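Student: So here's coords31.cif, just mmCIF, C-alpha atoms:
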data_input
loop_
_atom_site.label_atom_id
_atom_site.label_comp_id
_atom_site.auth_asym_id
_atom_site.auth_seq_id
_atom_site.Cartn_x
_atom_site.Cartn_y
_atom_site.Cartn_z
CA MET T 11 168.89 320.59 52.99
CA TYR T 12 167.58 322.64 50.08
CA LYS T 13 167.31 321.96 46.38
CA LEU T 14 166.66 324.57 43.70
CA LEU T 15 165.59 323.74 40.17
CA SER T 16 165.73 326.78 37.93
CA HIS T 17 165.88 327.96 34.35
CA ASN T 18 169.23 328.17 32.56
CA ASP T 19 168.92 331.83 31.50
CA LEU T 20 170.10 334.93 33.38
CA ASP T 21 166.95 335.16 35.52
CA GLY T 22 167.05 331.49 36.38
CA VAL T 23 170.75 331.55 37.26
CA GLY T 24 170.15 334.72 39.27
CA CYS T 25 167.89 332.59 41.46
CA GLY T 26 170.67 330.03 41.89
CA ILE T 27 173.11 332.74 42.96
CA LEU T 28 170.68 334.00 45.61
CA ALA T 29 170.11 330.45 46.84
CA LYS T 30 173.86 329.86 47.26
CA LEU T 31 174.27 333.19 49.00
CA SER T 32 171.52 332.18 51.41
CA PHE T 33 172.19 328.51 52.03
CA GLY T 34 175.81 327.94 51.00
CA GLU T 35 176.66 324.26 50.85
CA GLN T 36 173.24 323.36 52.19
CA VAL T 37 171.67 323.83 48.76
CA LYS T 38 171.99 321.87 45.54
CA VAL T 39 171.22 323.88 42.41
CA ARG T 40 170.36 322.46 39.01
CA TYR T 41 169.71 324.59 35.93
CA ASN T 42 167.33 323.25 33.33
CA SER T 43 165.88 323.91 29.94
CA ILE T 44 162.11 324.20 29.80
CA SER T 45 161.82 320.61 28.59
CA GLY T 46 164.38 319.23 31.05
CA LEU T 47 162.71 320.40 34.27
CA ASN T 48 160.17 317.60 34.53
CA ARG T 49 162.89 314.92 34.53
CA GLU T 50 164.55 316.70 37.46
CA VAL T 51 161.25 316.98 39.34
CA GLU T 52 160.52 313.29 38.79
CA TRP T 53 164.00 312.38 40.04
CA PHE T 54 163.48 314.52 43.15
CA LEU T 55 160.10 312.95 43.90
CA GLU T 56 161.54 309.45 43.58
CA ASN T 57 164.89 309.95 45.34
CA ASP T 58 164.90 312.93 47.73
CA GLY T 59 163.31 312.74 51.16
CA LYS T 60 160.73 314.99 52.72
CA ASP T 61 163.47 316.74 54.69
CA THR T 62 164.71 318.49 51.53
CA PHE T 63 163.05 321.84 50.81
CA LEU T 64 162.44 322.10 47.05
CA PHE T 65 162.45 325.46 45.25
CA ILE T 66 161.35 325.67 41.61
CA THR T 67 161.98 329.06 40.02
CA ASP T 68 161.28 330.61 36.62
CA LEU T 69 159.81 327.40 35.21
CA SER T 70 156.53 325.46 35.16
CA VAL T 71 156.02 321.72 35.57
CA SER T 72 153.81 319.31 33.66
CA ASP T 73 150.23 318.66 34.75
CA GLU T 74 151.24 315.26 36.11
CA ASN T 75 154.11 316.66 38.16
CA GLU T 76 151.87 319.47 39.38
CA LYS T 77 149.56 316.86 40.90
CA ARG T 78 152.50 314.93 42.38
CA LEU T 79 153.93 318.08 43.97
CA GLU T 80 150.58 318.82 45.58
CA GLU T 81 150.50 315.26 46.94
CA LEU T 82 154.02 315.77 48.32
CA PHE T 83 152.98 319.01 50.00
CA GLN T 84 149.85 317.47 51.49
CA ALA T 85 151.99 314.65 52.86
CA GLY T 86 154.21 317.13 54.68
CA GLY T 87 156.79 317.85 51.98
CA LYS T 88 158.36 321.30 51.78
CA LEU T 89 158.37 323.15 48.47
CA LYS T 90 157.91 326.56 46.88
CA LEU T 91 157.37 327.35 43.19
CA ILE T 92 158.20 330.97 42.37
CA ASP T 93 157.49 332.35 38.91
CA HIS T 94 156.48 335.54 37.10
CA HIS T 95 154.96 334.31 33.82
CA LYS T 96 151.23 334.86 33.43
CA THR T 97 150.89 331.31 32.09
CA ALA T 98 151.87 330.12 35.60
CA LEU T 99 149.27 332.11 37.57
CA HIS T 100 147.22 328.99 38.29
CA TYR T 101 149.93 327.85 40.72
CA ASN T 102 148.62 330.50 43.11
CA ASP T 103 145.76 328.07 43.77
CA TYR T 104 148.28 326.02 45.76
CA LYS T 105 149.81 327.04 49.07
CA TRP T 106 153.25 326.22 47.65
CA GLY T 107 152.79 328.42 44.59
CA HIS T 108 153.87 332.08 44.43
CA VAL T 109 153.39 333.70 41.01
CA VAL T 110 153.41 337.47 40.58
CA VAL T 111 153.55 339.10 37.14
CA GLU T 112 153.40 342.71 38.31
CA GLY T 113 154.38 344.05 41.73
CA GLU T 114 152.50 346.49 43.93
CA GLU T 115 154.34 349.47 42.45
CA GLY T 116 153.36 348.49 38.92
CA LYS T 117 156.79 347.06 38.09
CA LEU T 118 157.04 343.79 36.23
CA THR T 119 158.69 341.10 38.30
CA SER T 120 161.33 338.47 37.58
CA ALA T 121 161.95 335.16 39.28
CA THR T 122 165.15 336.59 40.80
CA SER T 123 163.36 339.61 42.25
CA LEU T 124 160.55 337.44 43.68
CA LEU T 125 163.00 334.98 45.23
CA TYR T 126 165.00 337.86 46.74
CA GLU T 127 161.84 339.23 48.34
CA TYR T 128 160.96 335.77 49.66
CA LEU T 129 164.40 335.06 51.13
CA THR T 130 164.81 338.46 52.79
CA SER T 131 161.24 338.58 54.13
CA HIS T 132 161.67 335.11 55.66
CA GLN T 133 165.04 336.07 57.17
CA LEU T 134 166.81 333.47 55.05
CA MET T 135 169.30 336.04 53.78
CA GLU T 136 170.32 339.58 54.67
CA ALA T 137 169.51 342.36 52.24
CA SER T 138 172.44 344.33 50.86
CA ASP T 139 172.88 347.18 48.40
CA ALA T 140 175.09 345.12 46.09
CA THR T 141 172.65 342.20 45.96
CA ALA T 142 169.65 344.48 45.52
CA GLU T 143 171.42 346.22 42.60
CA PHE T 144 172.27 342.88 41.00
CA VAL T 145 168.66 341.69 41.40
CA GLU T 146 167.35 344.90 39.82
CA LEU T 147 169.65 344.53 36.81
CA VAL T 148 168.39 340.99 36.28
CA ARG T 149 164.78 342.12 36.66
CA GLN T 150 165.14 345.00 34.23
CA TYR T 151 166.81 342.83 31.62
CA ASP T 152 164.32 339.98 31.90
CA THR T 153 161.31 342.33 31.66
CA TRP T 154 162.90 344.58 28.99
CA GLU T 155 162.53 347.63 31.24
CA TRP T 156 166.26 348.22 30.69
CA GLU T 157 165.56 349.57 27.21
CA LYS T 158 162.90 352.02 28.36
CA ASN T 159 165.17 353.11 31.23
CA GLU T 160 168.27 353.08 28.98
CA ASN T 161 169.92 350.92 31.63
CA HIS T 162 172.68 349.36 29.54
CA HIS T 163 174.30 347.84 32.63
CA ALA T 164 171.44 345.32 32.61
CA GLN T 165 172.12 344.46 28.98
CA ARG T 166 175.83 344.12 29.69
CA LEU T 167 175.13 341.80 32.63
CA ASN T 168 173.30 339.45 30.28
CA ALA T 169 176.13 339.70 27.76
CA LEU T 170 178.62 338.74 30.48
CA PHE T 171 176.40 335.81 31.43
CA PHE T 172 176.70 334.41 27.89
CA LEU T 173 180.42 335.11 27.63
CA LEU T 174 181.19 332.98 30.70
CA SER T 175 180.24 329.46 31.68
CA ILE T 176 177.46 329.27 34.26
CA ASP T 177 179.97 328.07 36.89
CA GLU T 178 182.30 331.02 36.20
CA PHE T 179 179.43 333.50 36.23
CA GLU T 180 178.10 332.10 39.51
CA GLU T 181 181.52 332.20 41.16
CA LYS T 182 182.20 335.78 40.08
CA MET T 183 178.78 337.09 41.11
CA ILE T 184 178.73 335.34 44.49
CA SER T 185 182.20 336.62 45.37
CA ARG T 186 181.33 340.15 44.25
CA LEU T 187 178.06 340.28 46.14
CA GLN T 188 179.72 338.99 49.30
CA THR T 189 182.61 341.47 49.24
CA SER T 190 181.36 344.65 47.53
CA ASP T 191 179.21 347.49 48.78
CA HIS T 192 177.77 348.04 45.29
CA PHE T 193 177.48 345.97 42.14
CA HIS T 194 180.02 346.76 39.40
CA PHE T 195 181.90 345.30 36.45
CA ASP T 196 185.65 344.97 36.91
CA GLU T 197 188.18 346.36 34.43
CA PHE T 198 188.66 343.09 32.53
CA GLU T 199 184.90 342.53 32.21
CA THR T 200 184.45 346.06 30.90
CA LYS T 201 187.02 345.45 28.17
CA ILE T 202 185.54 342.17 26.99
CA LEU T 203 182.03 343.62 27.11
CA ASP T 204 183.13 346.50 24.88
CA MET T 205 184.55 343.93 22.42
CA GLU T 206 181.35 341.92 22.60
CA GLU T 207 179.21 344.95 21.80
CA ASN T 208 181.23 345.53 18.63
CA LYS T 209 180.77 341.87 17.70
CA ILE T 210 177.01 342.09 18.26
CA ASP T 211 176.79 345.21 16.08
CA ARG T 212 178.53 343.39 13.22
CA TYR T 213 176.26 340.36 13.65
CA ILE T 214 173.11 342.50 13.55
CA ARG T 215 174.31 344.37 10.46
CA ARG T 216 174.67 341.05 8.66
CA LYS T 217 171.36 339.61 9.84
CA ARG T 218 169.27 342.65 8.99
CA ARG T 219 170.00 341.89 5.32
CA GLU T 220 168.38 338.44 5.74
CA LEU T 221 165.03 339.51 7.24
CA VAL T 222 161.90 338.44 5.35
CA GLN T 223 158.31 339.54 5.95
CA THR T 224 155.26 337.31 6.26
CA GLU T 225 151.75 337.32 7.69
CA VAL T 226 150.80 334.64 10.21
CA GLY T 227 147.42 334.55 11.91
CA GLY T 228 146.62 338.17 11.05
CA LEU T 229 149.92 339.53 12.42
CA PHE T 230 152.93 340.63 10.39
CA ALA T 231 156.20 338.98 11.34
CA GLY T 232 159.79 339.51 10.34
CA VAL T 233 161.54 336.14 10.08
CA VAL T 234 165.29 335.66 10.44
CA TYR T 235 167.60 332.69 11.07
CA ALA T 236 170.05 333.19 13.94
CA GLU T 237 171.79 331.12 16.59
CA SER T 238 173.13 333.98 18.72
CA TYR T 239 172.12 337.29 20.31
CA HIS T 240 168.39 336.72 19.97
CA SER T 241 167.36 339.48 22.34
CA GLU T 242 169.62 342.13 20.85
CA LEU T 243 168.78 341.06 17.30
CA GLY T 244 165.03 340.99 17.88
CA ASN T 245 165.13 344.37 19.57
CA GLU T 246 167.11 346.10 16.82
CA LEU T 247 165.17 344.53 13.94
CA GLY T 248 161.92 345.49 15.65
CA LYS T 249 162.99 349.11 16.06
CA GLU T 250 164.18 349.32 12.45
CA ASN T 251 160.95 347.74 11.15
CA PRO T 252 158.16 349.11 13.36
CA HIS T 253 155.56 348.13 10.74
CA LEU T 254 156.12 344.52 11.80
CA ASP T 255 154.18 343.22 14.80
CA TYR T 256 157.02 340.98 15.96
CA ILE T 257 160.30 339.36 14.97
CA ALA T 258 160.51 335.55 14.76
CA ILE T 259 164.06 334.23 15.24
CA LEU T 260 164.66 330.65 14.12
CA ASN T 261 167.41 328.45 15.48
CA ILE T 262 167.20 325.45 13.16
CA GLY T 263 170.05 323.58 14.84
CA GLY T 264 168.39 323.93 18.24
CA LYS T 265 164.94 323.24 16.76
CA ARG T 266 163.59 326.28 18.59
CA MET T 267 162.34 329.73 17.77
CA GLY T 268 161.98 332.94 19.71
CA PHE T 269 159.60 335.86 19.37
CA ARG T 270 160.40 339.50 20.17
CA THR T 271 158.28 342.64 19.91
CA ILE T 272 158.77 346.32 20.64
CA HIS T 273 155.03 347.03 20.67
CA ASP T 274 152.93 347.29 23.84
CA HIS T 275 149.78 346.11 22.06
CA ILE T 276 151.37 342.83 20.92
CA ASP T 277 151.79 339.90 23.33
CA VAL T 278 154.19 337.40 21.80
CA SER T 279 153.59 334.93 24.63
CA GLU T 280 150.19 334.41 22.98
CA VAL T 281 151.93 333.83 19.64
CA ALA T 282 154.26 331.29 21.23
CA ALA T 283 151.34 329.59 22.97
CA GLN T 284 149.84 328.75 19.56
CA PHE T 285 152.86 326.49 19.02
CA GLY T 286 153.05 325.04 22.55
CA GLY T 287 155.42 327.65 23.97
CA GLY T 288 155.18 330.67 26.21
CA GLY T 289 157.09 333.44 27.94
CA HIS T 290 156.68 337.17 28.35
CA ALA T 291 154.61 339.72 26.46
CA LYS T 292 157.74 341.16 24.81
CA ALA T 293 159.88 338.01 24.58
CA SER T 294 158.82 334.37 24.31
CA GLY T 295 159.74 331.13 22.58
CA CYS T 296 158.70 327.65 21.57
CA THR T 297 159.95 324.42 20.11
CA LEU T 298 160.00 324.39 16.31
CA THR T 299 156.94 322.19 15.94
CA GLU T 300 155.69 320.84 12.62
CA ASP T 301 153.12 323.63 12.39
CA ALA T 302 155.67 326.33 13.29
CA TYR T 303 158.13 324.86 10.76
CA LYS T 304 155.49 325.06 8.04
CA GLN T 305 154.43 328.61 8.88
CA PHE T 306 157.85 330.18 9.41
CA VAL T 307 160.22 328.04 7.32
CA ILE T 308 158.42 326.37 4.40
CA ASN T 309 156.05 329.25 3.75
CA THR T 310 158.81 331.89 3.87
CA PHE T 311 161.78 330.11 2.28
CA HIS T 312 161.07 331.51 -1.19
CA LEU T 313 160.71 335.13 -0.01
CA GLU T 314 163.24 337.82 -0.81
CA PRO T 315 164.77 339.69 2.16
CA LEU T 316 163.36 343.12 2.98
CA PRO T 317 165.62 345.87 1.58
CA GLU T 318 166.69 348.36 4.21
CA ASP T 319 165.50 351.95 4.26
CA ALA T 320 168.10 354.52 3.18
CA LYS T 321 169.83 355.73 6.33
CA ARG T 322 171.80 358.92 5.64
CA ASN T 323 169.37 360.94 3.58
CA ARG T 324 169.10 364.71 3.81
CA TYR T 325 166.12 365.27 1.52
CA ASN T 326 164.09 362.08 1.26
CA VAL T 327 163.40 361.76 4.97
CA LYS T 328 160.42 360.37 6.83
CA GLU T 329 157.56 362.78 7.68
CA SER T 330 158.88 365.40 5.24
CA THR T 331 156.17 367.83 4.15
CA PHE T 332 157.58 367.69 0.61
CA GLY T 333 156.61 364.03 0.30
CA ILE T 334 158.61 360.86 0.88
CA MET T 335 159.58 358.45 -1.88
CA TYR T 336 159.58 354.62 -1.69
CA LYS T 337 159.90 351.80 -4.20
CA ASN T 338 159.61 348.02 -4.24
CA ARG T 339 161.13 345.09 -6.14
CA ARG T 340 158.65 345.56 -9.00
CA ASP T 341 160.09 349.07 -9.49
CA GLU T 342 156.79 350.62 -8.48
CA ILE T 343 157.21 354.16 -7.16
CA TYR T 344 155.28 355.39 -4.13
CA LEU T 345 155.03 358.81 -2.54
CA ILE T 346 153.66 359.43 0.94
CA TYR T 347 152.52 363.04 1.29
CA PRO T 348 150.62 365.18 3.83
CA LEU T 349 147.06 366.31 3.19
CA GLU T 350 145.51 369.61 4.22
CA ASN T 351 143.25 367.90 6.78
CA GLY T 352 146.28 366.52 8.67
CA GLU T 353 146.02 363.04 7.21
CA TRP T 354 148.51 361.40 4.83
CA GLY T 355 147.93 360.05 1.34
CA ILE T 356 149.81 357.63 -0.90
CA GLU T 357 150.55 358.00 -4.59
CA LYS T 358 151.38 354.84 -6.55
CA ASN T 359 153.13 355.27 -9.90
CA LYS T 360 151.82 358.86 -10.07
CA THR T 361 148.25 357.74 -9.37
CA ILE T 362 146.65 358.94 -6.14
CA THR T 363 145.16 356.09 -4.11
CA GLU T 364 141.77 356.57 -2.46
CA GLN T 365 142.73 355.40 1.04
CA THR T 366 144.09 358.01 3.46
CA HIS T 367 145.82 357.49 6.81
CA PRO T 368 145.66 359.39 10.14
CA SER T 369 149.44 359.67 10.49
CA PHE T 370 152.67 359.19 8.57
CA GLU T 371 153.42 356.10 10.66
CA GLU T 372 150.13 354.49 9.66
CA ALA T 373 150.67 355.36 6.00
CA GLU T 374 154.16 353.88 6.01
CA LYS T 375 152.94 350.77 7.85
CA TYR T 376 150.28 350.24 5.19
CA LEU T 377 152.80 350.76 2.39
CA LYS T 378 155.41 348.41 3.82
CA ARG T 379 152.92 345.69 4.68
CA LYS T 380 150.99 345.74 1.40
CA TYR T 381 153.79 346.48 -1.07
CA SER T 382 157.05 345.66 0.79
CA ALA T 383 158.42 349.06 -0.22
CA TRP T 384 161.47 350.80 1.19
CA LEU T 385 162.70 354.38 1.54
CA VAL T 386 164.95 355.22 -1.43
CA LYS T 387 168.24 357.10 -1.32
CA ASP T 388 168.50 360.83 -1.92
CA ASP T 389 170.00 360.52 -5.40
CA ILE T 390 167.01 358.51 -6.67
CA PHE T 391 164.60 360.96 -5.07
CA VAL T 392 166.36 364.05 -6.47
CA ARG T 393 166.61 362.51 -9.96
CA TYR T 394 162.89 361.76 -9.88
CA LEU T 395 162.07 365.36 -8.90
CA MET T 396 164.30 366.78 -11.62
CA GLU T 397 162.63 364.63 -14.25
CA GLU T 398 159.22 365.77 -13.06
CA VAL T 399 160.31 369.41 -13.28
CA LYS T 400 161.55 368.89 -16.85
CA LYS T 401 158.27 367.31 -17.86
CA ALA T 402 156.33 370.19 -16.30
CA LYS T 403 158.25 372.67 -18.50
#
Represent the structure from my file as structure tokens, please.
Tutor:
Amino acid sequence: MYKLLSHNDLDGVGCGILAKLSFGEQVKVRYNSISGLNREVEWFLENDGKDTFLFITDLSVSDENEKRLEELFQAGGKLKLIDHHKTALHYNDYKWGHVVVEGEEGKLTSATSLLYEYLTSHQLMEASDATAEFVELVRQYDTWEWEKNENHHAQRLNALFFLLSIDEFEEKMISRLQTSDHFHFDEFETKILDMEENKIDRYIRRKRRELVQTEVGGLFAGVVYAESYHSELGNELGKENPHLDYIAILNIGGKRMGFRTIHDHIDVSEVAAQFGGGGHAKASGCTLTEDAYKQFVINTFHLEPLPEDAKRNRYNVKESTFGIMYKNRRDEIYLIYPLENGEWGIEKNKTITEQTHPSFEEAEKYLKRKYSAWLVKDDIFVRYLMEEVKKAK
């Protein structure tokens, strides 16, 4: 007999699907939250015999259960912990641990991809094109490579996962992988996914008007309250506000928060670790602890949302050599303009500031972080220029 304890997200459930494809009715699969895993492990240690092979995927256990699992293994128990988070690398010190963050080809791994390699290499399941394609979609979504590769099938797979119950998703995927030569979405799934994308777009449009900016521990964060579509929301808000180091998404009802970043030099798993959480460099989370609540809720509750940059300008556009106009809530006017040496300067209320910047992006980052300014619409920009021309005459 086999037992698999896994995470309850797409990557974790991907592991459960592979286990059922491999072992059929010989495996029991339980999906867990991060906090719920240890109860399952304790139950297994107290109730299941040594004849049951235990897999733990995409999750880490407590220090106490780590010691108990090693005792089980030393006593002849059979187990394998497979993970891809760098916070779990210490499990490689055990013979039953297998943690790989980055594969030999330089690709980031997922728990599903690592389990697939394990099962096929140990002849516990046959490799197939359809299963390999499914595994790759899960891997790309979980590691955020889908965005760089513009692989929207991976994003749609995650959307389908949330539209269905876990049981329905499992049943559909297992049947498809057993009967199809290649992975695909059927006609009905394509229709509901198209509808879901429209719903997500509307949700993001509403939430972008609620984003506030704050500084925590030397990093600039955008803070927003949301219960749904955290990955999509964090990604879009990050792209629209590249001056922010990361986006913090608060789910007050669930007493949790997630962190997302679009920047390669920011590791939000380190941010989450400050509040007892963890995850990936680009996406992580934690429980809303007292300290996190103070930093991201109490300290930001009074802040006004960030106004959005004008979107359909023809004249006042970013990186324009004519200068770019911004303003803030104090009605202060700012102009970012190019200098002859290739750098960029900032003018505040018609007064040139001393500090210069190596690029437009750095100048805008400075302006948005220090003054919370936004790009104004064309009509304001043109009116300003006309007034300046009149004064010059």
Student: Write out as a PyMOL selection string which residues come within 12 Å of Asp196 (chain T) when counting only C-alpha atoms, dropping same-chain ones fewer than 2 positions away.
Tutor: chain T and resi 167+170+182-183+186+190+192-194+198-203
Student: Here is a test: counting all atoms listed in the file, which residue of T:Asp341, T:Glu314, T:Glu181, T:Glu50 is nearest to Ser72 (chain T)?
Tutor: T:Glu50
Student: Within 9 Å of Pro252 (chain T), counting only C-alpha atoms, which residues show up once you throw out same-chain ones fewer than 4 positions away? Write them as an mmCIF file with C-alpha atoms, in the coordinates of the input, please.
Tutor:
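Written file, selection23.cif:
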data_model
loop_
_atom_site.group_PDB
_atom_site.id
_atom_site.type_symbol
_atom_site.label_atom_id
_atom_site.label_comp_id
_atom_site.auth_asym_id
_atom_site.auth_seq_id
_atom_site.Cartn_x
_atom_site.Cartn_y
_atom_site.Cartn_z
ATOM 1 C CA LEU T 247 165.170 344.530 13.940
ATOM 2 C CA GLY T 248 161.920 345.490 15.650
ATOM 3 C CA TYR T 256 157.020 340.980 15.960
ATOM 4 C CA ILE T 272 158.770 346.320 20.640
ATOM 5 C CA HIS T 273 155.030 347.030 20.670
ATOM 6 C CA GLU T 371 153.420 356.100 10.660
ATOM 7 C CA LYS T 375 152.940 350.770 7.850
#
Student: Which residues are close to Pro317 (chain T), i.e. within 10 Å by only C-alpha atoms, leaving aside same-chain residues fewer than 5 positions away? Reply as a list in words.
Tutor: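 Answer for this query is Arg218, Arg219, Glu220, Leu221, Val222, Asn338, Arg339, Ser382, Ala383, Trp384, Leu385 and Val386 of chain T.
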Student: Counting all atoms listed in the file, which of T:Thr153, T:Asn245, T:Gln36, T:Gln223 gets nearest to Glu112 (chain T)?
Tutor: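 Under the stated criterion, the closest residue is T:Thr153.
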Student: Could you check which of T:Glu242, T:Glu155, T:Asp103, T:Glu74 is closest to Glu206 (chain T), using all atoms listed in the file?
Tutor: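 Looking only at the distances to Glu206 (chain T), the closest residue turns out to be T:Glu242.
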Student: Would you mind telling me which residue in T:Thr189, T:Tyr213, T:Thr224, T:Ser32 lies nearest to His132 (chain T) when using only C-alpha atoms?
Tutor: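 Comparing T:Thr189, T:Tyr213, T:Thr224, T:Ser32 against His132 (chain T), the winner is T:Ser32.
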Student: Here is a test: counting all atoms listed in the file, which residue of T:Tyr104, T:Phe83, T:Tyr344, T:Phe144 is nearest to Asp21 (chain T)?
Tutor: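 That would be T:Phe144, the residue with the smallest distance to Asp21 (chain T).
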Student: Pick out the closest residue to Ile346 (chain T) from this set: T:Leu254, T:Met396, T:Leu15, T:Leu377. Count all atoms listed in the file.
Tutor: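 Going through T:Leu254, T:Met396, T:Leu15, T:Leu377 one by one, the smallest distance to Ile346 (chain T) is for T:Leu377.
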Student: Please identify all polymer residues within 9 Å of Gln165 (chain T), counting only C-alpha atoms, omitting same-chain residues fewer than 3 positions from it, and present them as a list in words.
Tutor: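 So, after excluding close chain neighbours, the residues are Leu147, Val148, Gln150, Tyr151, Trp156, Glu157, Asn161, His162, Asn168, Ala169, Leu170 and Glu242 of chain T.
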Student: Hey, what's within 10 Å of Met135 (chain T) if we count all atoms listed in the file and toss same-chain stuff fewer than 4 positions away? As a list in words, please?
Tutor: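 Result of the neighbour search: Leu28, Ala29, Leu31, Ser32, Phe33, Tyr126, Glu127, Tyr128, Leu129, Thr130 and Ser131 of chain T.
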Student: Give me the result of the PyMOL selection byres ((chain T and resi 40) around 10) on this file, residue by residue, as a list in words.
Tutor: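 The output of the PyMOL selection byres ((chain T and resi 40) around 10) on this file is Lys13, Leu14, Leu15, Ser16, His17, Asn18, Gly22, Val23, Gly26, Val37, Lys38, Val39, Tyr41, Asn42, Leu47, Glu50 and Ile66 of chain T.
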Student: Given the file shown, enumerate the residues that the PyMOL selection byres ((chain T and resi 330) around 12) captures and present them as number ranges by chain.
Tutor: T: 323-329, 331-335, 345-348, 354, 370
Student: Evaluating the PyMOL selection byres ((chain T and resi 274) around 12) on the displayed file yields which residues, as a list in words?
Tutor: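 When the PyMOL selection byres ((chain T and resi 274) around 12) is applied to the shown file, the picked residues are Trp154, Lys158, Pro252, Asp255, Tyr256, Arg270, Thr271, Ile272, His273, His275, Ile276, Asp277, Val278, His290, Ala291, Lys292 and Ala293 of chain T.
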Student: Between CA of Lys358 (chain T) and CA of Ile257 (chain T), what is the distance, to one decimal in Å?
Tutor: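 Straight-line distance from CA of Lys358 (chain T) to CA of Ile257 (chain T) works out to 28.0 Å.
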Student: So the first atom is CA of Asp61 (chain T) and the second is CA of Lys105 (chain T); what is the distance between them in Å, to one decimal place?
Tutor: 18.0 Å
Student: Quick one: axis-aligned box around all listed atoms of region 105-111 of chain T, 8 Å on every side, centre and edge lengths in Å to one decimal, written as lines of an AutoDock Vina configuration file.
Tutor:
center_x = 151.8
center_y = 332.7
center_z = 43.1
size_x = 20.1
size_y = 28.9
size_z = 27.9
Student: Using CA of Gln305 (chain T) and CA of Asn48 (chain T) as the two end points, give the distance in Å to one decimal.
Tutor: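 For CA of Gln305 (chain T) relative to CA of Asn48 (chain T), the distance reads 28.5 Å.
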